[in-house]
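A short worksheet on the structure shown next.
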Amino acid sequence: MSMPDSERYRLISTLSGEAYPLDRLEEFAGSGESLEVSRVSSRQPEIHPGDHLWERFAGFLPFDEPELSVSLGEGDTPLLPSGAFLSEYTGSRNLWLKNETMNPTWSFKDRGTLTTMWMSRAMGEKVTATISTGNMGHSVAAYAARAGLQAVVFIPDFTPREKIMPIALHGAHIIRVKAPDYAAMKKQILEMAGRLNLRIVSGNGPLRVEGYKLTAFELYEQMRGEVPDFILVPVSACGHVRGIFKGYRELYEAGYIQQLPRMVVVQASNNAPLAQPIQQGKRVVIPFTQVDTIAEAITTGNPMGGDEIIDKARRFDWPAVDVSEAEILESQAALARAGLFVEPASATTLSALKKLIGRGTVKPAQKVVAMLTGSGLKDFDVFRHHDQQIHDCELHNMERTLEEIMP
Ligand SMILES: *Cc1c(COP(=O)(O)O)cnc(C)c1O
């Protein structure tokens, strides 16, 4: 069992710099700030040869050695050129799509679940828990099953059945809570967890972010060391955008790259607690309540640690964009027409890019990566908003029906 390396690593509050031990049970600082894994020594890590990405970049991770027995084969996802249709649609001539729907539970969450599971195993925990209405719960349930841990997933009672089923089938205990206010429910669970000595993994915890760094390392290899000008990320709890950027920063500090990508914070206009303040030049999260968007995976209305992302956006000149429900649907259809089946949250990046090209923030020739975060299979309810070319017929008029639609 690889132990977390608490001699050489610790957790640092991202804004105030307060330090905590690496194996801290709570994922946020006492002040509510997000925590970041930080190396104690100033000696820079190196990339080493190895069969697996985790092995090649082990020096960048706070574990003695990668514990890959818990892996379900996450990562190694395709980086695809956008193709002519999406290039035309967005106005970008240099767009690349990172297809994270190819992960074991069909979203990028798996990368971070692997690292939180390492930690749980290393700490000898028997139970791991999360609060989720969808992808996070599914990912944690699958990896807990793989690792031989009991998963507990808290869900609000409005969670649709198709999201619950995979979580249940993996053997997780589901605690379904009747609570009118999801944020209040989360808060109470986190307080409870401390008392019960239970690790609750959230979307923005420090160990999860270490897993998301691997996306940057993978992109670094796939692009042969070239750094994209922009990386568009649909943002909710903030872990993903934070993790990808942290990976690039560490490559930069270790001397492997000479520039940093600019991250683009993409949110739905109906829930833009970060995109709004960033666009308005404000310094703190603008909380949203009563969140109602078809982009179900990005509905955190008041993300913990969100102020830090706004701070980074200011320091590193990250643009932010919010997109309407109609734009999200249109982009989802456009991606599907190009052969890519993603959920609405993932489709936001495409309309966001179109807007940024329109505003002149992104030039058509600049190299852009759009993160396709989760699969279209995750959300069936959305299909009622889309046109479908279904031609009903009977055996006797089948040929005529076909003739009518032939080009
Ligand atoms: C979780 C999730 C996001 C948002 O990522 P955060 O790390 O919570 O900011 C975006 N898209 C999909 C499909 C997700 O599951």
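In the structure tokens, each chain is lettered A, B, ... as it comes, each chain's residues begin at 1, and ligands are numbered from 1 in order of appearance.
Within 9 Å of Gln366 of chain A, once only C-alpha atoms are used and residues closer than 2 positions along the same chain are dropped, the contacting residues are Ser92, Arg93, Asn94, Leu95, Pro228, Asp229, Phe230, Val362, Lys363, Pro364 and Val368 of chain A.
Residues surrounding Ala151 of chain A within 8 Å are Val127, Thr128, Ala129, Thr130, Val140, Ala141, Ala144, Ala145, Gly171, Ala172 and His173 of chain A [only C-alpha atoms; sequence separation below 3 positions excluded].
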Selected residues, N, CA, C and O atoms, written as an mmCIF file, in the first residue's frame, please.
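Written output follows (again-v2.cif):
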```
data_model
loop_
_atom_site.group_PDB
_atom_site.id
_atom_site.type_symbol
_atom_site.label_atom_id
_atom_site.label_comp_id
_atom_site.auth_asym_id
_atom_site.auth_seq_id
_atom_site.Cartn_x
_atom_site.Cartn_y
_atom_site.Cartn_z
ATOM 1 N N VAL A 127 -15.145 3.229 4.918
ATOM 2 C CA VAL A 127 -16.294 3.877 4.295
ATOM 3 C C VAL A 127 -15.840 5.162 3.639
ATOM 4 O O VAL A 127 -14.975 5.862 4.166
ATOM 5 N N THR A 128 -16.406 5.454 2.474
ATOM 6 C CA THR A 128 -16.151 6.767 1.876
ATOM 7 C C THR A 128 -17.497 7.324 1.442
ATOM 8 O O THR A 128 -18.389 6.576 1.048
ATOM 9 N N ALA A 129 -17.653 8.630 1.551
ATOM 10 C CA ALA A 129 -18.973 9.200 1.288
ATOM 11 C C ALA A 129 -18.881 10.411 0.378
ATOM 12 O O ALA A 129 -17.830 11.055 0.266
ATOM 13 N N THR A 130 -19.980 10.698 -0.298
ATOM 14 C CA THR A 130 -20.048 11.919 -1.099
ATOM 15 C C THR A 130 -21.486 12.418 -1.140
ATOM 16 O O THR A 130 -22.413 11.696 -0.764
ATOM 17 N N VAL A 140 -17.795 7.690 -7.473
ATOM 18 C CA VAL A 140 -17.364 7.242 -6.138
ATOM 19 C C VAL A 140 -17.895 5.834 -5.852
ATOM 20 O O VAL A 140 -17.178 4.981 -5.326
ATOM 21 N N ALA A 141 -19.135 5.552 -6.246
ATOM 22 C CA ALA A 141 -19.711 4.224 -6.009
ATOM 23 C C ALA A 141 -18.926 3.148 -6.759
ATOM 24 O O ALA A 141 -18.611 2.090 -6.212
ATOM 25 N N ALA A 144 -15.322 2.818 -5.198
ATOM 26 C CA ALA A 144 -15.390 2.218 -3.867
ATOM 27 C C ALA A 144 -15.593 0.713 -4.015
ATOM 28 O O ALA A 144 -14.968 -0.087 -3.314
ATOM 29 N N ALA A 145 -16.432 0.336 -4.974
ATOM 30 C CA ALA A 145 -16.659 -1.091 -5.215
ATOM 31 C C ALA A 145 -15.339 -1.747 -5.618
ATOM 32 O O ALA A 145 -14.963 -2.805 -5.112
ATOM 33 N N GLY A 171 -23.510 -0.987 -5.314
ATOM 34 C CA GLY A 171 -23.534 -1.426 -3.917
ATOM 35 C C GLY A 171 -23.405 -0.308 -2.902
ATOM 36 O O GLY A 171 -23.198 -0.566 -1.718
ATOM 37 N N ALA A 172 -23.521 0.923 -3.357
ATOM 38 C CA ALA A 172 -23.440 2.038 -2.402
ATOM 39 C C ALA A 172 -24.724 2.129 -1.580
ATOM 40 O O ALA A 172 -25.792 1.764 -2.062
ATOM 41 N N HIS A 173 -24.585 2.594 -0.358
ATOM 42 C CA HIS A 173 -25.771 2.958 0.409
ATOM 43 C C HIS A 173 -26.182 4.358 -0.032
ATOM 44 O O HIS A 173 -25.353 5.270 -0.056
#
```
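Using only C-alpha atoms, the shortest contact distance between Ile310 of chain A and any of A:Thr90, A:Gln276, A:Ser69, A:Ser346 is found at A:Gln276.
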Which of segment 40-254 of chain A fall in alpha helix (DSSP H), as a count of residues only: 95
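Distances here use only C-alpha atoms and all ligand atoms; by that measure, the residue among A:Glu394, A:Glu210, A:Asp292, A:Asp381 closest to ligand 1 is A:Glu210.
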Could you pull out the strand (DSSP E) residues of segment 29-109 of chain A, going by DSSP on the backbone, and write them as a PDB file with N, CA, C and O atoms, in the first residue's frame?
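Resulting contents of result16.pdb:
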```pdb
ATOM      1  N   LEU A  35      -8.319  23.994  -0.098  1.00  0.00           N
ATOM      2  CA  LEU A  35      -6.959  23.589   0.272  1.00  0.00           C
ATOM      3  C   LEU A  35      -6.251  23.016  -0.941  1.00  0.00           C
ATOM      4  O   LEU A  35      -6.874  22.436  -1.823  1.00  0.00           O
ATOM      5  N   GLU A  36      -4.934  23.173  -0.941  1.00  0.00           N
ATOM      6  CA  GLU A  36      -4.142  22.704  -2.065  1.00  0.00           C
ATOM      7  C   GLU A  36      -2.958  21.893  -1.538  1.00  0.00           C
ATOM      8  O   GLU A  36      -2.321  22.283  -0.567  1.00  0.00           O
ATOM      9  N   VAL A  37      -2.684  20.755  -2.204  1.00  0.00           N
ATOM     10  CA  VAL A  37      -1.517  19.965  -1.828  1.00  0.00           C
ATOM     11  C   VAL A  37      -0.268  20.743  -2.235  1.00  0.00           C
ATOM     12  O   VAL A  37      -0.170  21.230  -3.352  1.00  0.00           O
ATOM     13  N   SER A  38       0.669  20.847  -1.297  1.00  0.00           N
ATOM     14  CA  SER A  38       1.852  21.649  -1.575  1.00  0.00           C
ATOM     15  C   SER A  38       3.103  20.894  -1.124  1.00  0.00           C
ATOM     16  O   SER A  38       3.122  20.277  -0.057  1.00  0.00           O
ATOM     17  N   ARG A  39       4.135  20.940  -1.936  1.00  0.00           N
ATOM     18  CA  ARG A  39       5.394  20.261  -1.631  1.00  0.00           C
ATOM     19  C   ARG A  39       6.158  21.071  -0.596  1.00  0.00           C
ATOM     20  O   ARG A  39       6.237  22.298  -0.702  1.00  0.00           O
ATOM     21  N   LEU A  79      -7.832  13.093 -27.683  1.00  0.00           N
ATOM     22  CA  LEU A  79      -7.818  14.526 -27.973  1.00  0.00           C
ATOM     23  C   LEU A  79      -8.042  14.647 -29.481  1.00  0.00           C
ATOM     24  O   LEU A  79      -7.198  14.255 -30.267  1.00  0.00           O
ATOM     25  N   LEU A  80      -9.213  15.145 -29.844  1.00  0.00           N
ATOM     26  CA  LEU A  80      -9.614  15.105 -31.254  1.00  0.00           C
ATOM     27  C   LEU A  80      -9.603  16.490 -31.891  1.00  0.00           C
ATOM     28  O   LEU A  80     -10.023  17.464 -31.254  1.00  0.00           O
ATOM     29  N   PRO A  81      -9.160  16.600 -33.136  1.00  0.00           N
ATOM     30  CA  PRO A  81      -9.366  17.864 -33.841  1.00  0.00           C
ATOM     31  C   PRO A  81     -10.867  18.068 -34.039  1.00  0.00           C
ATOM     32  O   PRO A  81     -11.610  17.098 -34.200  1.00  0.00           O
ATOM     33  N   LEU A  95      -9.358  24.247 -32.945  1.00  0.00           N
ATOM     34  CA  LEU A  95     -10.090  23.732 -31.777  1.00  0.00           C
ATOM     35  C   LEU A  95      -9.870  22.233 -31.614  1.00  0.00           C
ATOM     36  O   LEU A  95      -9.988  21.471 -32.579  1.00  0.00           O
ATOM     37  N   TRP A  96      -9.579  21.841 -30.363  1.00  0.00           N
ATOM     38  CA  TRP A  96      -9.367  20.436 -30.022  1.00  0.00           C
ATOM     39  C   TRP A  96     -10.346  20.038 -28.929  1.00  0.00           C
ATOM     40  O   TRP A  96     -10.637  20.828 -28.032  1.00  0.00           O
ATOM     41  N   LEU A  97     -10.834  18.820 -29.020  1.00  0.00           N
ATOM     42  CA  LEU A  97     -11.826  18.349 -28.055  1.00  0.00           C
ATOM     43  C   LEU A  97     -11.223  17.237 -27.210  1.00  0.00           C
ATOM     44  O   LEU A  97     -10.731  16.242 -27.748  1.00  0.00           O
ATOM     45  N   LYS A  98     -11.245  17.422 -25.902  1.00  0.00           N
ATOM     46  CA  LYS A  98     -10.715  16.389 -24.997  1.00  0.00           C
ATOM     47  C   LYS A  98     -11.904  15.573 -24.508  1.00  0.00           C
ATOM     48  O   LYS A  98     -12.725  16.048 -23.713  1.00  0.00           O
ATOM     49  N   ASN A  99     -11.983  14.358 -25.013  1.00  0.00           N
ATOM     50  CA  ASN A  99     -13.212  13.585 -24.809  1.00  0.00           C
ATOM     51  C   ASN A  99     -13.208  12.766 -23.518  1.00  0.00           C
ATOM     52  O   ASN A  99     -12.930  11.572 -23.510  1.00  0.00           O
TER      53      ASN A  99
END
```
Would you mind listing, for every residue of chain A within 6 Å of ligand 1, the two atoms forming the shortest contact and the distance between them in Å to one decimal, using only C-alpha atoms and all ligand atoms, sorted by chain and ascending residue number, as JSON lines?
```
{"residue": "A:Ser107", "atom": "CA", "partner": "ligand 1", "partner_atom_place_in_ligand_line": "15 (O)", "distance": 5.8}
{"residue": "A:Asn135", "atom": "CA", "partner": "ligand 1", "partner_atom_place_in_ligand_line": "15 (O)", "distance": 4.9}
{"residue": "A:Gly203", "atom": "CA", "partner": "ligand 1", "partner_atom_place_in_ligand_line": "8 (O)", "distance": 5.0}
{"residue": "A:Pro234", "atom": "CA", "partner": "ligand 1", "partner_atom_place_in_ligand_line": "10 (C)", "distance": 5.0}
{"residue": "A:Val235", "atom": "CA", "partner": "ligand 1", "partner_atom_place_in_ligand_line": "9 (O)", "distance": 3.8}
{"residue": "A:Ser236", "atom": "CA", "partner": "ligand 1", "partner_atom_place_in_ligand_line": "9 (O)", "distance": 3.6}
{"residue": "A:Ala237", "atom": "CA", "partner": "ligand 1", "partner_atom_place_in_ligand_line": "8 (O)", "distance": 3.5}
{"residue": "A:Cys238", "atom": "CA", "partner": "ligand 1", "partner_atom_place_in_ligand_line": "9 (O)", "distance": 3.5}
{"residue": "A:Gly239", "atom": "CA", "partner": "ligand 1", "partner_atom_place_in_ligand_line": "7 (O)", "distance": 3.8}
{"residue": "A:His240", "atom": "CA", "partner": "ligand 1", "partner_atom_place_in_ligand_line": "7 (O)", "distance": 3.8}
{"residue": "A:Ala297", "atom": "CA", "partner": "ligand 1", "partner_atom_place_in_ligand_line": "14 (C)", "distance": 4.8}
{"residue": "A:Ile298", "atom": "CA", "partner": "ligand 1", "partner_atom_place_in_ligand_line": "4 (C)", "distance": 5.2}
{"residue": "A:Ala345", "atom": "CA", "partner": "ligand 1", "partner_atom_place_in_ligand_line": "11 (N)", "distance": 5.1}
{"residue": "A:Ser346", "atom": "CA", "partner": "ligand 1", "partner_atom_place_in_ligand_line": "11 (N)", "distance": 5.4}
{"residue": "A:Thr373", "atom": "CA", "partner": "ligand 1", "partner_atom_place_in_ligand_line": "13 (C)", "distance": 4.4}
{"residue": "A:Gly374", "atom": "CA", "partner": "ligand 1", "partner_atom_place_in_ligand_line": "13 (C)", "distance": 3.7}
```
Selected residue of minimal separation from Ser87 of chain A among A:Ala142, A:Asp311, A:Leu350, A:Glu343, counting only C-alpha atoms: A:Leu350
Nearest residue to Gly83 of chain A from the set A:Leu402, A:Cys393, A:Leu335, A:Ile200 (distances using only C-alpha atoms): A:Leu335
Selection near Glu250 of chain A, 12 Å with only C-alpha atoms, sequence-local residues under 3 positions removed, as an MDAnalysis selection string: chainID A and resid 37:39 42:47 57 59:61 210 213:214 216:217 220 243:247 253:260
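Counting only C-alpha atoms, the residue from A:Gln267, A:Ser202, A:Thr289, A:Gln388 that sits nearest to Thr349 of chain A is A:Gln267.
Proximity to Ile164 of chain A was assessed for A:Gln150, A:Ser139, A:Ser6, A:Ser31 counting only C-alpha atoms; the smallest distance is recorded for A:Ser139.
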Long-range neighbours of Thr116 of chain A as JSON, numbers by chain, 8 Å cut-off, only C-alpha atoms, 2 positions minimum in chain: {"A": [112, 113, 114, 118, 119, 120, 201, 207, 208]}
Expected file: the selected residues, C-alpha atoms, as a PDB file, in the first residue's frame:
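The result, stored in result.pdb:
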```pdb
ATOM      1  CA  GLY A 112     -10.148  12.505  -9.076  1.00  0.00           C
ATOM      2  CA  THR A 113     -11.985   9.605  -7.538  1.00  0.00           C
ATOM      3  CA  LEU A 114      -8.901   7.437  -8.058  1.00  0.00           C
ATOM      4  CA  TRP A 118      -5.898   6.025  -2.698  1.00  0.00           C
ATOM      5  CA  MET A 119      -6.089   8.285   0.305  1.00  0.00           C
ATOM      6  CA  SER A 120      -9.008   6.433   1.863  1.00  0.00           C
ATOM      7  CA  VAL A 201     -15.286  13.687  -0.794  1.00  0.00           C
ATOM      8  CA  LEU A 207      -6.783  15.121  -3.247  1.00  0.00           C
ATOM      9  CA  ARG A 208      -9.378  15.112  -6.032  1.00  0.00           C
TER      10      ARG A 208
END
```
Spatial neighbours of Glu325 of chain A, max dist 8 Å, only C-alpha atoms, sep filter under 2 positions, as a PyMOL selection string: chain A and resi 268-270+293-294+323+327-329
Convert the current residue selection to file output with N, CA and C atoms, as a tab-separated table (two decimals), in the first residue's frame.
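Generated file (again.tsv):
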```tsv
chain	number	residue	atom	x	y	z
A	268	ALA	N	-23.64	28.15	-16.96
A	268	ALA	CA	-24.95	28.46	-17.53
A	268	ALA	C	-25.39	29.82	-17.01
A	269	SER	N	-26.02	30.62	-17.86
A	269	SER	CA	-26.47	31.94	-17.39
A	269	SER	C	-27.42	31.81	-16.20
A	270	ASN	N	-28.18	30.70	-16.16
A	270	ASN	CA	-29.11	30.49	-15.05
A	270	ASN	C	-28.42	30.14	-13.74
A	293	THR	N	-31.34	24.86	-14.54
A	293	THR	CA	-30.73	24.78	-15.87
A	293	THR	C	-30.71	23.34	-16.35
A	294	ILE	N	-30.77	23.17	-17.67
A	294	ILE	CA	-30.68	21.80	-18.21
A	294	ILE	C	-29.27	21.25	-18.06
A	323	VAL	N	-23.69	31.00	-20.66
A	323	VAL	CA	-24.44	30.69	-21.88
A	323	VAL	C	-25.89	30.32	-21.54
A	327	GLU	N	-28.67	28.23	-26.08
A	327	GLU	CA	-27.32	28.03	-26.62
A	327	GLU	C	-26.76	26.65	-26.24
A	328	ILE	N	-27.07	26.22	-25.01
A	328	ILE	CA	-26.58	24.92	-24.56
A	328	ILE	C	-27.19	23.80	-25.42
A	329	LEU	N	-28.48	23.89	-25.63
A	329	LEU	CA	-29.16	22.87	-26.46
A	329	LEU	C	-28.62	22.87	-27.88
```
Neighbour list for Asn197 of chain A as a ChimeraX atom specification, cut-off 12 Å, only C-alpha atoms, skip fewer than 3 positions in-chain: /A:24-26,123,125-129,189-194,200
Could the residues in this selection be saved with C-alpha atoms as a CSV table (one decimal), in the first residue's frame?
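What follows is the written file out_35.csv:
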```csv
chain,number,residue,atom,x,y,z
A,24,ARG,CA,-6.7,16.1,7.1
A,25,LEU,CA,-10.2,14.6,7.0
A,26,GLU,CA,-12.0,17.8,6.1
A,123,MET,CA,-5.7,5.8,5.8
A,125,GLU,CA,-10.9,3.8,6.0
A,126,LYS,CA,-13.8,1.4,5.5
A,127,VAL,CA,-16.3,3.9,4.3
A,128,THR,CA,-16.2,6.8,1.9
A,129,ALA,CA,-19.0,9.2,1.3
A,189,ILE,CA,-23.7,16.6,6.2
A,190,LEU,CA,-20.2,18.1,6.4
A,191,GLU,CA,-20.7,19.1,10.1
A,192,MET,CA,-22.0,15.6,10.8
A,193,ALA,CA,-19.0,14.0,9.0
A,194,GLY,CA,-16.5,15.6,11.3
A,200,ILE,CA,-16.8,13.1,2.6
```
